[in-house]
Structure formats: structure tokens, C-alpha cells
Amino acid sequence: MANEHFIPHAFLGIILLTLTITYYSSKKTKNASDFYTAGGGLTAWQNGLAVAGDFMSAASFLGITGAIALIGFDGFYMSIGNLVAFLVLLYLVSEPLRNLGKFTLADMISARFKSKKVRGIAAANTLVISIFYMIAQLVGAGGLIKLLLGIDYWLSVLLVGVLMTIYVIFGGMRATSWVQITKAVLLLGGSAVLTFIVFSRFNFNISEMFHHVQTATPLGRDFLNPGNKYTDGLDMISFNMSLVLGAAGLPHLLVRFFTVKDAATARKSVVYSTWFIGIFFIMTIFLGFGAASFVGFERIVEANPAGNMAAPLLALTMGGEFLFAFVSAVAFATILAVVSGLVLTSASAFAHDIYGEIIKEGNITEKQQVLVARLASVGVAVISILLALFAQSMNVAFLSVLALGIAASANLPIILCTIYWKRFNATGAITGMSFGLLSSIILVMLSPNVWNPEPGMGIFTGDPLFTMSNPTIFTVPLGFIGAYLGTILSKAKDEDNSFPEVLFKSNTGYGISSAKDH
Amino acid sequence: MESTAKSRHSSSGHDSGNKYRKLIETEEFKHLLQKKKAFIVPVTLFFLAFYFVLPILAAYSQVLKGEAFSILLGLGYMPFSNSPSFG
């Protein structure tokens, strides 16, 4: 597979395209607002594509297609969870976030609580979530590029790592967003072509497709029934919960709402992205069924046991080498676009929150701010690359579980309480975030993701103390309980007395800096 | 940008606290908030409940075990859970 001769050209094409975007973006990236938020100048549909792009990660394109091809119905949960998450984002989070924050998630929480501790923990959460997520993506990327391009794992990780760092350092959020937008268009286009070909093979008849897949896989008729992967009901509900609530607390998605000019545009961009993602996930059903029918269970598993090669192999079967190269290159672009967003988010949390606001107490010039952000990008990238190289042989699935879990149980409760609960105070914010963070980490560390009786399936061999692979159903309530207990048990009321201000600003957008004022 | 950051810090004193307290007491603002709540709260609760019915049914009932019914129902979930009715 590695010597398909179109692939290196297609990959080179993606690299050149993204570097061109970075070059033009770098010319426009002059101050901190350019670096962190692309100057707030994206339109609703541009940001909608970028947000959709963040959702359509390599994990969803390759992972969901593979999961649907191999396990049928159960693979499908991953896609609808993401969609409902958008309602939470749209109605509860995106507008207040845009109205209160400036560059980062911690900005928004600090709009209510001027405490350095609150900002520090919020920034630390952002760093932990983004870096865990990035390592999971990099390890996946390394394996995938190794498979597609035939180069070593370490070289694959390094290639992705260097490219993502270049985009972020030179082009900041503008390059990151445009790489994401470009990839979203390529991915939607590529999927549409594949979907069309698959659908045409079924004579454009949905029921023919459904009948065919019932005989095409080893699962037989059970292919279309639930229960092929998730046998523990509570664990499955917990997994769904982490998708719905986690997505609304993922920092690299939330910062995208700062790249538009106001809350109305932020809302509109969620509407656009919901459509893009909805269409995309409907296409993954066709791709998954197509792969199950025309590539076949054995060939998919032979190429990669997790099913990650289902989409590229489908392209090879249906459209020949050229389409195979195209789809592989799109998968590569997908990885690049998502990890660069993660680098930018981590660098912002470090440079803006920890260095700018906590260490320097806001006394920092534009130039220093951007310089520190660039240095932080390099630092974050180097750490993540090293950890990803170290984690090559590990099963890192637990890192994504952990990232989504922390986002759902440490970030979302605090965001909601900050905006909607009058009595909430700084102590509650700190205890809520700590409860959510620590309970997620501890429960995942005790779970079957890490402890597995079969050697090689987890990080350690042994019986897990906590039997569910996804603890979100417990950790989200714990986050809320932490916020509640911290608030009512501490003597201080809302010290800053800022709820009226936060309530007013979050609903009206009063006092936010306009996009084009620099 | 530096100046906006500073002004935000200084505006958190008691004077501006009173200003916002008066602002949120205005009829206009109360009306806005009430209208927003009347829409957001039921819609959010409905969609979350609607969504969780799927995994709960899949886990604890036989409803979804019919022939080809499951995915069609699942497909039905997508456009419904995905109707952006305001923006």
C-alpha cells in the first residue's frame, strides 16, 4: 500500500497548500488579537466550517467510518452525540462566551471572578485537555501516516509536529482557521464523491443498501442492531454523555467563537456548522456501509484492526489509486488542521492567561504577548511530540476519553454556573473545576482503558477497579456538586459582586470590543 | 488592547456594580431575559431528553432490535436533533 505512487504527490500538495495559507496569514498577523483570534474577522460561514472542521477530526472521518463498517449501528452513536452537543453549544454557551471573553475560556470565567487562582485552574484545565487530546491525535496520526506513506512512526509524528508548529507560530489563529476551513471543504467534497459512488452502486436506493449490508458482514442481520460493541448499557450512556457535554467544554472549539465579530455571528456559525456536520455524518453511514459491502470485513481488519483504513480502502476500491491518494491526503490535512488548533489553544492559555494575566498581571505589551505565545507554541509542540513518540506502542484511546471527560465535568459545570447562577463564587469555581478534573483523571486511571487483564490492551495488565470505560456519568455530577458545595460552604458571597455585570453583558454583548477596531 | 484590558479591571469596582444592578432591573432587560429563557430552557431540555432516549432504548429495551428499523430510526434522529431554529 505504501508504494501507491500518487500518495506522496497528494501529501506534498497538502503541505504546499497549507504553507501558502500560512504565508499569507503571517503577513496579516501583527498583534495579540490577530494571533489569538484572527482579529475576530471571520464570517459566520467561515467559522461554521472551521468549527465543523474541528469536529470532523481524523477520528471521526476514519474512526466512525471504520466503526460503522465493522460494528454497524453502535458505530453510529459517535456521530449523533456530536450533533446534539451543538444545541448545548448554540443555546447555552456560544453567545455568553463570545460576549464575555476575549481570547480564552479562562477570560470568560475571569470576567466574573477576578481571582488569579480561578484563572490559573481554568488555564491548567485547558492545557491538560488540549495536550491529552493532541497526544492522542499525534499517536493516531503517526500510525496512519506510517501506513499511508510508508515512513517510520517517529518521522510521521515529527512531520505533523513540525508542520503544526509552523502554522501556529507564523500564522496564528488566522492560519489555523484557514487550514481548518480548507480541510473541511476538501473533506466534505471527498466524502460527497465517495458517497455518490457508493449510493450509485446501490442504484440510489436506500432500502437496497440496508438489505445488502445485512448479508455483507460477519455480523449478519445483527449489523443493524445495537449491542455489537456496547454491552454495558450504563457505560454506553456515559459515553454518549461525554460526547454531548464534552464537546461544549472543549477549549479548542470554544476559542473559535472569539474569531467572529459578535455573539449573533457566533450563533449563526453554530447553525452553519451543525448543517455541515449533520451532512458529513450522514455521509459516514454511506461510507461505512460502502466499506462493509465493497471492501469487506477481512480486508478492513487486515489493514488496521480498529478499522481506520476503511475510508481510504473504500476510495481505492471505488475510485482507484487517484481517489485513494486524494482521500488519504484529506485525512492527512484533517490531522494537521485539528492538531494546529490544539497547539494554538494551549499556547493561548499559557501566554495570555498564565504569563500575561497571572505572572505579569496584565502589564504586558502586544509584542511581548505575541512573542510569548509563539514560544509557548514551540514548547507545547515539543512536549507533545516527545510524549507522542514515547507513547507509540501504548493504547492511547484513554487520552481522548479523558480529554472529553474533563471538558464535560470540569469546564461545562463552571461555564454554566458562571453565566447562570447568581450565588456562585470563586471558591465554588475552584472546587468545581478541581472535582471535575481530579475525578475524571482518577476514574479513568482505574478504568479498563488503563487496566486490562489481557496484556497489550491497556497500559497495565490487571483487573480494573472501576469497571466502566467512560466515567462521565459520575464525573459531571461531581463537577456540579463541587461547584455547589464550594459555594455554599465558603463564607464569602460573590466577592466581586459582578453577577449583574456578567448577566447583563452575557445577554446583550455590551462593552465587547468590536472586531474591526484595530 | 492593553487599555481595554485595564479598563475592564478597573470597571469591576462598586460604582459599576451599581450601574449594572440598575441595568438588570430595567423592564427591557427583564423582558429580554424572560423571552430567552422561555425558548432556551424547554428546547435544551427537550433535545437532551430526546437524545438520551436513543442510548437508553438501545441499552434497556428491545424496541430497536427490529429489522432495519434501528438505523432508519437513527437516521430520523439526525435531521430532528439537528434543526437549528434560530440564528
# chains A, B, ... in the order shown; residues from 1 in each chain; ligands from 1

call {"tool": "residues_around", "arguments": {"residues": "range 307-319 of chain A", "least_positions_apart": "5", "cutoff": "6 Å", "atoms": "only C-alpha atoms", "output": "list in words"}}
result
Leu62, Gly63, Gly66, Ala291, Val295, Ile300, Val301, Phe324, Val327 and Ser328 of chain A

call {"tool": "residues_around", "arguments": {"residues": "range 494-510 of chain A", "least_positions_apart": "4", "cutoff": "10 Å", "atoms": "only C-alpha atoms", "output": "compact mmCIF listing (two decimals) with N, CA and C atoms, in the first residue's frame"}}
result
# COMPACT_ATOMS: atom_id res chain seq x y z
N VAL A 93 -23.96 28.11 25.50
CA VAL A 93 -22.57 28.51 25.72
C VAL A 93 -22.04 29.56 24.75
N GLU A 95 -23.04 32.09 22.84
CA GLU A 95 -23.33 33.52 22.89
C GLU A 95 -22.72 34.21 24.12
N PRO A 96 -22.99 33.68 25.34
CA PRO A 96 -22.37 34.30 26.52
C PRO A 96 -20.85 34.28 26.44
N LEU A 97 -20.32 33.20 25.88
CA LEU A 97 -18.87 33.08 25.78
C LEU A 97 -18.31 34.21 24.93
N ARG A 98 -18.93 34.42 23.77
CA ARG A 98 -18.46 35.47 22.89
C ARG A 98 -18.62 36.85 23.54
N ASN A 99 -19.69 37.02 24.31
CA ASN A 99 -19.95 38.31 24.92
C ASN A 99 -19.03 38.63 26.09
N LEU A 100 -18.56 37.60 26.78
CA LEU A 100 -17.78 37.86 27.99
C LEU A 100 -16.28 37.72 27.78
N GLY A 101 -15.88 36.83 26.90
CA GLY A 101 -14.46 36.52 26.81
C GLY A 101 -13.74 37.34 25.76
N MET A 108 -13.31 34.26 30.11
CA MET A 108 -14.74 34.33 30.34
C MET A 108 -15.06 34.09 31.81
N ILE A 109 -14.42 33.09 32.40
CA ILE A 109 -14.70 32.81 33.82
C ILE A 109 -14.14 33.95 34.68
N ALA A 111 -14.11 36.97 33.85
CA ALA A 111 -14.96 38.16 33.73
C ALA A 111 -15.83 38.27 34.98
N ARG A 112 -16.07 37.14 35.62
CA ARG A 112 -16.88 37.18 36.83
C ARG A 112 -16.02 37.16 38.09
N PHE A 113 -15.00 36.30 38.09
CA PHE A 113 -14.16 36.18 39.28
C PHE A 113 -12.76 36.68 38.97
N LYS A 114 -12.36 37.76 39.63
CA LYS A 114 -11.06 38.34 39.32
C LYS A 114 -9.90 37.58 39.96
N SER A 115 -10.21 36.42 40.52
CA SER A 115 -9.17 35.69 41.25
C SER A 115 -8.15 35.05 40.32
N ASP A 262 -19.24 39.17 16.67
CA ASP A 262 -20.14 39.33 17.81
C ASP A 262 -20.92 38.04 18.07
N ALA A 263 -21.78 38.11 19.10
CA ALA A 263 -22.50 36.90 19.52
C ALA A 263 -23.48 36.42 18.46
N ALA A 264 -24.08 37.36 17.73
CA ALA A 264 -25.03 36.95 16.69
C ALA A 264 -24.31 36.12 15.64
N THR A 418 -21.14 30.01 36.03
CA THR A 418 -20.65 31.39 35.90
C THR A 418 -21.70 32.27 35.25
N ILE A 419 -22.35 31.74 34.23
CA ILE A 419 -23.31 32.57 33.49
C ILE A 419 -24.67 32.62 34.18
N TYR A 420 -25.08 31.48 34.77
CA TYR A 420 -26.49 31.40 35.16
C TYR A 420 -26.76 31.40 36.66
N TRP A 421 -25.74 31.20 37.50
CA TRP A 421 -26.03 31.07 38.93
C TRP A 421 -25.55 32.30 39.69
N LYS A 422 -26.51 32.97 40.30
CA LYS A 422 -26.22 34.24 40.96
C LYS A 422 -25.31 34.08 42.19
N ARG A 423 -25.57 33.04 42.97
CA ARG A 423 -24.88 32.86 44.24
C ARG A 423 -23.44 32.33 44.06
N PHE A 424 -23.15 31.78 42.89
CA PHE A 424 -21.86 31.13 42.61
C PHE A 424 -20.69 32.04 42.97
N ASN A 425 -19.63 31.49 43.58
CA ASN A 425 -18.47 32.32 43.90
C ASN A 425 -17.15 31.67 43.49
N ALA A 426 -16.07 32.40 43.73
CA ALA A 426 -14.75 31.96 43.27
C ALA A 426 -14.37 30.61 43.88
N THR A 427 -14.68 30.43 45.18
CA THR A 427 -14.35 29.15 45.82
C THR A 427 -15.07 28.01 45.12
N GLY A 428 -16.36 28.25 44.79
CA GLY A 428 -17.12 27.22 44.08
C GLY A 428 -16.51 26.91 42.73
N THR A 487 -19.35 26.63 46.90
CA THR A 487 -20.04 27.91 47.00
C THR A 487 -20.77 28.06 48.33
N SER B 11 -13.20 48.57 35.99
CA SER B 11 -14.64 48.76 35.98
C SER B 11 -15.35 47.78 36.90
N SER B 12 -14.58 46.97 37.62
CA SER B 12 -15.24 45.99 38.47
C SER B 12 -15.48 46.54 39.87
N GLY B 13 -15.27 47.82 40.06
CA GLY B 13 -15.48 48.41 41.39
C GLY B 13 -16.95 48.50 41.73
N HIS B 14 -17.27 49.10 42.88
CA HIS B 14 -18.65 49.10 43.33
C HIS B 14 -19.55 50.02 42.51
N SER B 16 -19.58 50.62 39.27
CA SER B 16 -20.12 49.99 38.08
C SER B 16 -21.01 48.82 38.48
N GLY B 17 -20.72 48.22 39.64
CA GLY B 17 -21.61 47.17 40.14
C GLY B 17 -23.02 47.70 40.30
N ASN B 18 -23.13 48.89 40.84
CA ASN B 18 -24.45 49.50 41.00
C ASN B 18 -25.08 49.80 39.66
N LYS B 19 -24.23 50.26 38.72
CA LYS B 19 -24.74 50.58 37.39
C LYS B 19 -25.39 49.36 36.76
N TYR B 20 -24.69 48.21 36.85
CA TYR B 20 -25.24 47.01 36.23
C TYR B 20 -26.43 46.48 37.01
N ARG B 21 -26.40 46.70 38.34
CA ARG B 21 -27.54 46.25 39.12
C ARG B 21 -28.81 46.97 38.67
N LYS B 22 -28.63 48.29 38.41
CA LYS B 22 -29.79 49.05 37.92
C LYS B 22 -30.20 48.58 36.53
N LEU B 23 -29.18 48.31 35.70
CA LEU B 23 -29.49 47.89 34.33
C LEU B 23 -30.29 46.59 34.28
N ILE B 24 -29.89 45.63 35.15
CA ILE B 24 -30.61 44.35 35.06
C ILE B 24 -32.00 44.45 35.69
N GLU B 25 -32.25 45.53 36.39
CA GLU B 25 -33.60 45.70 36.96
C GLU B 25 -34.57 46.35 35.97
N PHE B 29 -34.68 44.75 30.06
CA PHE B 29 -33.76 43.63 30.24
C PHE B 29 -34.50 42.41 30.78
N LEU B 32 -36.26 40.76 27.97
CA LEU B 32 -35.32 40.02 27.12
C LEU B 32 -34.98 38.67 27.74
N LEU B 33 -34.67 38.72 29.04
CA LEU B 33 -34.26 37.51 29.73
C LEU B 33 -35.39 36.49 29.78
N LYS B 36 -35.86 34.92 26.37
CA LYS B 36 -34.78 33.97 26.09
C LYS B 36 -35.00 32.67 26.85

call {"tool": "atom_distance", "arguments": {"atom1": "CA of Thr274 in chain A", "atom2": "CA of Ala122 in chain A"}}
result
27.0 Å

call {"tool": "closest_residue", "arguments": {"among": "A:Val401, A:Leu243, A:Ala410, A:Val476", "to": "chain B", "atoms": "only C-alpha atoms"}}
result
A:Leu243

call {"tool": "residues_around", "arguments": {"residues": "Leu19 in chain A", "least_positions_apart": "6", "cutoff": "12 Å", "atoms": "only C-alpha atoms", "output": "list in words"}}
result
Leu12, Gly13, Ser25, Ser26, Val162, Leu163, Met164, Thr165, Ile166, Tyr167, Val168, Ile169, Phe170, Gly171, Ala175, Thr176, Trp178, Val179, Ala333, Leu336 and Ala337 of chain A

call {"tool": "closest_residue", "arguments": {"among": "A:Ser346, A:Gln369, A:Ser60, A:Asn240", "to": "Ile56 in chain B", "atoms": "only C-alpha atoms"}}
result
A:Asn240

call {"tool": "select_by_dssp", "arguments": {"residues": "range 147-378 of chain A", "states": "alpha helix (DSSP H)", "output": "NGL selection string"}}
result
:A and (147-149 or 153-201 or 206-216 or 233-247 or 251-254 or 263-290 or 297-303 or 310-348 or 366-378)

call {"tool": "residues_around", "arguments": {"residues": "Ser293 in chain A", "least_positions_apart": "4", "cutoff": "10 Å", "atoms": "only C-alpha atoms", "output": "PyMOL selection string"}}
result
chain A and resi 69+198+209+212-217+287-289+297+314

call {"tool": "residues_around", "arguments": {"residues": "Val139 in chain A", "least_positions_apart": "4", "cutoff": "8 Å", "atoms": "only C-alpha atoms", "output": "list of chain:residue names"}}
result
A:Ile135, A:Gly143, A:Val157, A:Ala388, A:Leu389, A:Ala391, A:Gln392, A:Val396

call {"tool": "closest_residue", "arguments": {"among": "A:Asn125, A:Thr345, A:Thr472, A:Thr461", "to": "Arg374 in chain A", "atoms": "only C-alpha atoms"}}
result
A:Thr345

call {"tool": "residues_around", "arguments": {"residues": "Thr44 in chain B", "least_positions_apart": "3", "cutoff": "8 Å", "atoms": "only C-alpha atoms", "output": "list of chain:residue names"}}
result
A:Leu87, A:Val88, A:Tyr91, B:Ile40, B:Val41, B:Phe47, B:Leu48

call {"tool": "write_last_selection", "arguments": {"atoms": "C-alpha atoms", "output": "PDB file, in the first residue's frame"}}
result
ATOM      1  CA  LEU A  87     -27.506  22.507  20.678  1.00  0.00           C
ATOM      2  CA  VAL A  88     -25.854  22.834  24.055  1.00  0.00           C
ATOM      3  CA  TYR A  91     -28.168  27.834  23.128  1.00  0.00           C
TER       4      TYR A  91
ATOM      5  CA  ILE B  40     -33.850  28.098  25.642  1.00  0.00           C
ATOM      6  CA  VAL B  41     -34.858  26.097  28.711  1.00  0.00           C
ATOM      7  CA  PHE B  47     -33.340  17.823  22.925  1.00  0.00           C
ATOM      8  CA  LEU B  48     -31.204  16.380  25.701  1.00  0.00           C
TER       9      LEU B  48
END

call {"tool": "decode", "arguments": {"residues": "range 18-63 of chain B", "atoms": "N, CA and C atoms", "output": "PDB file, in the first residue's frame"}}
result
ATOM      1  N   ASN B  18     -23.131  48.892  40.843  1.00  0.00           N
ATOM      2  CA  ASN B  18     -24.447  49.504  40.995  1.00  0.00           C
ATOM      3  C   ASN B  18     -25.084  49.800  39.658  1.00  0.00           C
ATOM      4  N   LYS B  19     -24.229  50.257  38.717  1.00  0.00           N
ATOM      5  CA  LYS B  19     -24.742  50.583  37.387  1.00  0.00           C
ATOM      6  C   LYS B  19     -25.394  49.356  36.760  1.00  0.00           C
ATOM      7  N   TYR B  20     -24.690  48.213  36.846  1.00  0.00           N
ATOM      8  CA  TYR B  20     -25.240  47.005  36.226  1.00  0.00           C
ATOM      9  C   TYR B  20     -26.425  46.480  37.005  1.00  0.00           C
ATOM     10  N   ARG B  21     -26.400  46.697  38.335  1.00  0.00           N
ATOM     11  CA  ARG B  21     -27.540  46.247  39.121  1.00  0.00           C
ATOM     12  C   ARG B  21     -28.809  46.973  38.672  1.00  0.00           C
ATOM     13  N   LYS B  22     -28.631  48.292  38.405  1.00  0.00           N
ATOM     14  CA  LYS B  22     -29.790  49.054  37.923  1.00  0.00           C
ATOM     15  C   LYS B  22     -30.204  48.578  36.532  1.00  0.00           C
ATOM     16  N   LEU B  23     -29.176  48.306  35.701  1.00  0.00           N
ATOM     17  CA  LEU B  23     -29.493  47.894  34.327  1.00  0.00           C
ATOM     18  C   LEU B  23     -30.289  46.594  34.283  1.00  0.00           C
ATOM     19  N   ILE B  24     -29.892  45.635  35.147  1.00  0.00           N
ATOM     20  CA  ILE B  24     -30.615  44.355  35.056  1.00  0.00           C
ATOM     21  C   ILE B  24     -32.001  44.446  35.687  1.00  0.00           C
ATOM     22  N   GLU B  25     -32.254  45.533  36.389  1.00  0.00           N
ATOM     23  CA  GLU B  25     -33.595  45.704  36.963  1.00  0.00           C
ATOM     24  C   GLU B  25     -34.568  46.345  35.967  1.00  0.00           C
ATOM     25  N   THR B  26     -34.053  46.831  34.838  1.00  0.00           N
ATOM     26  CA  THR B  26     -34.948  47.509  33.898  1.00  0.00           C
ATOM     27  C   THR B  26     -35.937  46.533  33.268  1.00  0.00           C
ATOM     28  N   GLU B  27     -37.100  47.060  32.926  1.00  0.00           N
ATOM     29  CA  GLU B  27     -38.139  46.224  32.330  1.00  0.00           C
ATOM     30  C   GLU B  27     -37.672  45.594  31.030  1.00  0.00           C
ATOM     31  N   GLU B  28     -36.970  46.398  30.234  1.00  0.00           N
ATOM     32  CA  GLU B  28     -36.493  45.899  28.940  1.00  0.00           C
ATOM     33  C   GLU B  28     -35.630  44.656  29.106  1.00  0.00           C
ATOM     34  N   PHE B  29     -34.680  44.748  30.060  1.00  0.00           N
ATOM     35  CA  PHE B  29     -33.761  43.628  30.238  1.00  0.00           C
ATOM     36  C   PHE B  29     -34.496  42.409  30.780  1.00  0.00           C
ATOM     37  N   LYS B  30     -35.386  42.635  31.730  1.00  0.00           N
ATOM     38  CA  LYS B  30     -36.157  41.513  32.292  1.00  0.00           C
ATOM     39  C   LYS B  30     -36.968  40.824  31.198  1.00  0.00           C
ATOM     40  N   HIS B  31     -37.520  41.640  30.305  1.00  0.00           N
ATOM     41  CA  HIS B  31     -38.310  41.093  29.217  1.00  0.00           C
ATOM     42  C   HIS B  31     -37.446  40.223  28.301  1.00  0.00           C
ATOM     43  N   LEU B  32     -36.255  40.760  27.974  1.00  0.00           N
ATOM     44  CA  LEU B  32     -35.321  40.017  27.120  1.00  0.00           C
ATOM     45  C   LEU B  32     -34.981  38.669  27.737  1.00  0.00           C
ATOM     46  N   LEU B  33     -34.669  38.715  29.039  1.00  0.00           N
ATOM     47  CA  LEU B  33     -34.255  37.506  29.735  1.00  0.00           C
ATOM     48  C   LEU B  33     -35.385  36.489  29.778  1.00  0.00           C
ATOM     49  N   GLN B  34     -36.575  37.000  30.020  1.00  0.00           N
ATOM     50  CA  GLN B  34     -37.731  36.118  30.117  1.00  0.00           C
ATOM     51  C   GLN B  34     -38.004  35.434  28.775  1.00  0.00           C
ATOM     52  N   LYS B  35     -37.924  36.222  27.698  1.00  0.00           N
ATOM     53  CA  LYS B  35     -38.162  35.655  26.375  1.00  0.00           C
ATOM     54  C   LYS B  35     -37.118  34.599  26.028  1.00  0.00           C
ATOM     55  N   LYS B  36     -35.858  34.920  26.371  1.00  0.00           N
ATOM     56  CA  LYS B  36     -34.782  33.972  26.094  1.00  0.00           C
ATOM     57  C   LYS B  36     -35.003  32.672  26.849  1.00  0.00           C
ATOM     58  N   LYS B  37     -35.314  32.804  28.146  1.00  0.00           N
ATOM     59  CA  LYS B  37     -35.497  31.610  28.976  1.00  0.00           C
ATOM     60  C   LYS B  37     -36.648  30.772  28.462  1.00  0.00           C
ATOM     61  N   ALA B  38     -37.729  31.445  28.073  1.00  0.00           N
ATOM     62  CA  ALA B  38     -38.909  30.717  27.617  1.00  0.00           C
ATOM     63  C   ALA B  38     -38.571  29.861  26.406  1.00  0.00           C
ATOM     64  N   PHE B  39     -37.591  30.272  25.634  1.00  0.00           N
ATOM     65  CA  PHE B  39     -37.199  29.471  24.477  1.00  0.00           C
ATOM     66  C   PHE B  39     -36.114  28.446  24.821  1.00  0.00           C
ATOM     67  N   ILE B  40     -35.040  28.933  25.462  1.00  0.00           N
ATOM     68  CA  ILE B  40     -33.850  28.098  25.642  1.00  0.00           C
ATOM     69  C   ILE B  40     -34.088  26.914  26.580  1.00  0.00           C
ATOM     70  N   VAL B  41     -34.737  27.162  27.716  1.00  0.00           N
ATOM     71  CA  VAL B  41     -34.858  26.097  28.711  1.00  0.00           C
ATOM     72  C   VAL B  41     -35.640  24.890  28.173  1.00  0.00           C
ATOM     73  N   PRO B  42     -36.863  25.090  27.662  1.00  0.00           N
ATOM     74  CA  PRO B  42     -37.576  23.911  27.150  1.00  0.00           C
ATOM     75  C   PRO B  42     -36.882  23.248  25.969  1.00  0.00           C
ATOM     76  N   VAL B  43     -36.320  24.050  25.068  1.00  0.00           N
ATOM     77  CA  VAL B  43     -35.679  23.465  23.887  1.00  0.00           C
ATOM     78  C   VAL B  43     -34.489  22.603  24.288  1.00  0.00           C
ATOM     79  N   THR B  44     -33.656  23.122  25.193  1.00  0.00           N
ATOM     80  CA  THR B  44     -32.479  22.367  25.622  1.00  0.00           C
ATOM     81  C   THR B  44     -32.891  21.084  26.331  1.00  0.00           C
ATOM     82  N   LEU B  45     -33.842  21.199  27.265  1.00  0.00           N
ATOM     83  CA  LEU B  45     -34.272  20.011  27.997  1.00  0.00           C
ATOM     84  C   LEU B  45     -34.877  18.981  27.040  1.00  0.00           C
ATOM     85  N   PHE B  46     -35.687  19.464  26.100  1.00  0.00           N
ATOM     86  CA  PHE B  46     -36.313  18.536  25.167  1.00  0.00           C
ATOM     87  C   PHE B  46     -35.258  17.780  24.360  1.00  0.00           C
ATOM     88  N   PHE B  47     -34.304  18.497  23.794  1.00  0.00           N
ATOM     89  CA  PHE B  47     -33.340  17.823  22.925  1.00  0.00           C
ATOM     90  C   PHE B  47     -32.420  16.889  23.696  1.00  0.00           C
ATOM     91  N   LEU B  48     -32.038  17.287  24.911  1.00  0.00           N
ATOM     92  CA  LEU B  48     -31.204  16.380  25.701  1.00  0.00           C
ATOM     93  C   LEU B  48     -31.988  15.106  26.024  1.00  0.00           C
ATOM     94  N   ALA B  49     -33.239  15.281  26.436  1.00  0.00           N
ATOM     95  CA  ALA B  49     -34.060  14.116  26.770  1.00  0.00           C
ATOM     96  C   ALA B  49     -34.254  13.251  25.519  1.00  0.00           C
ATOM     97  N   PHE B  50     -34.596  13.913  24.404  1.00  0.00           N
ATOM     98  CA  PHE B  50     -34.808  13.244  23.132  1.00  0.00           C
ATOM     99  C   PHE B  50     -33.575  12.436  22.738  1.00  0.00           C
ATOM    100  N   TYR B  51     -32.436  13.051  22.934  1.00  0.00           N
ATOM    101  CA  TYR B  51     -31.185  12.389  22.568  1.00  0.00           C
ATOM    102  C   TYR B  51     -30.930  11.166  23.431  1.00  0.00           C
ATOM    103  N   PHE B  52     -31.081  11.326  24.748  1.00  0.00           N
ATOM    104  CA  PHE B  52     -30.723  10.211  25.626  1.00  0.00           C
ATOM    105  C   PHE B  52     -31.713   9.047  25.538  1.00  0.00           C
ATOM    106  N   VAL B  53     -32.894   9.303  24.967  1.00  0.00           N
ATOM    107  CA  VAL B  53     -33.825   8.202  24.748  1.00  0.00           C
ATOM    108  C   VAL B  53     -33.185   7.138  23.852  1.00  0.00           C
ATOM    109  N   LEU B  54     -32.377   7.562  22.891  1.00  0.00           N
ATOM    110  CA  LEU B  54     -31.798   6.594  21.948  1.00  0.00           C
ATOM    111  C   LEU B  54     -30.876   5.580  22.636  1.00  0.00           C
ATOM    112  N   PRO B  55     -29.811   6.044  23.331  1.00  0.00           N
ATOM    113  CA  PRO B  55     -28.982   5.043  24.013  1.00  0.00           C
ATOM    114  C   PRO B  55     -29.735   4.274  25.100  1.00  0.00           C
ATOM    115  N   ILE B  56     -30.697   4.930  25.758  1.00  0.00           N
ATOM    116  CA  ILE B  56     -31.427   4.219  26.810  1.00  0.00           C
ATOM    117  C   ILE B  56     -32.281   3.107  26.195  1.00  0.00           C
ATOM    118  N   LEU B  57     -32.948   3.430  25.082  1.00  0.00           N
ATOM    119  CA  LEU B  57     -33.722   2.395  24.389  1.00  0.00           C
ATOM    120  C   LEU B  57     -32.815   1.278  23.898  1.00  0.00           C
ATOM    121  N   ALA B  58     -31.677   1.662  23.350  1.00  0.00           N
ATOM    122  CA  ALA B  58     -30.763   0.665  22.809  1.00  0.00           C
ATOM    123  C   ALA B  58     -30.259  -0.253  23.916  1.00  0.00           C
ATOM    124  N   ALA B  59     -30.048   0.339  25.106  1.00  0.00           N
ATOM    125  CA  ALA B  59     -29.453  -0.443  26.178  1.00  0.00           C
ATOM    126  C   ALA B  59     -30.471  -1.295  26.916  1.00  0.00           C
ATOM    127  N   TYR B  60     -31.661  -0.743  27.143  1.00  0.00           N
ATOM    128  CA  TYR B  60     -32.559  -1.415  28.071  1.00  0.00           C
ATOM    129  C   TYR B  60     -33.861  -1.888  27.456  1.00  0.00           C
ATOM    130  N   SER B  61     -34.007  -1.810  26.127  1.00  0.00           N
ATOM    131  CA  SER B  61     -35.255  -2.309  25.568  1.00  0.00           C
ATOM    132  C   SER B  61     -35.000  -3.048  24.278  1.00  0.00           C
ATOM    133  N   GLN B  62     -36.018  -3.689  23.784  1.00  0.00           N
ATOM    134  CA  GLN B  62     -35.897  -4.446  22.536  1.00  0.00           C
ATOM    135  C   GLN B  62     -36.468  -3.666  21.356  1.00  0.00           C
ATOM    136  N   VAL B  63     -36.900  -2.430  21.623  1.00  0.00           N
ATOM    137  CA  VAL B  63     -37.578  -1.660  20.585  1.00  0.00           C
ATOM    138  C   VAL B  63     -36.728  -1.528  19.325  1.00  0.00           C
TER     139      VAL B  63
END
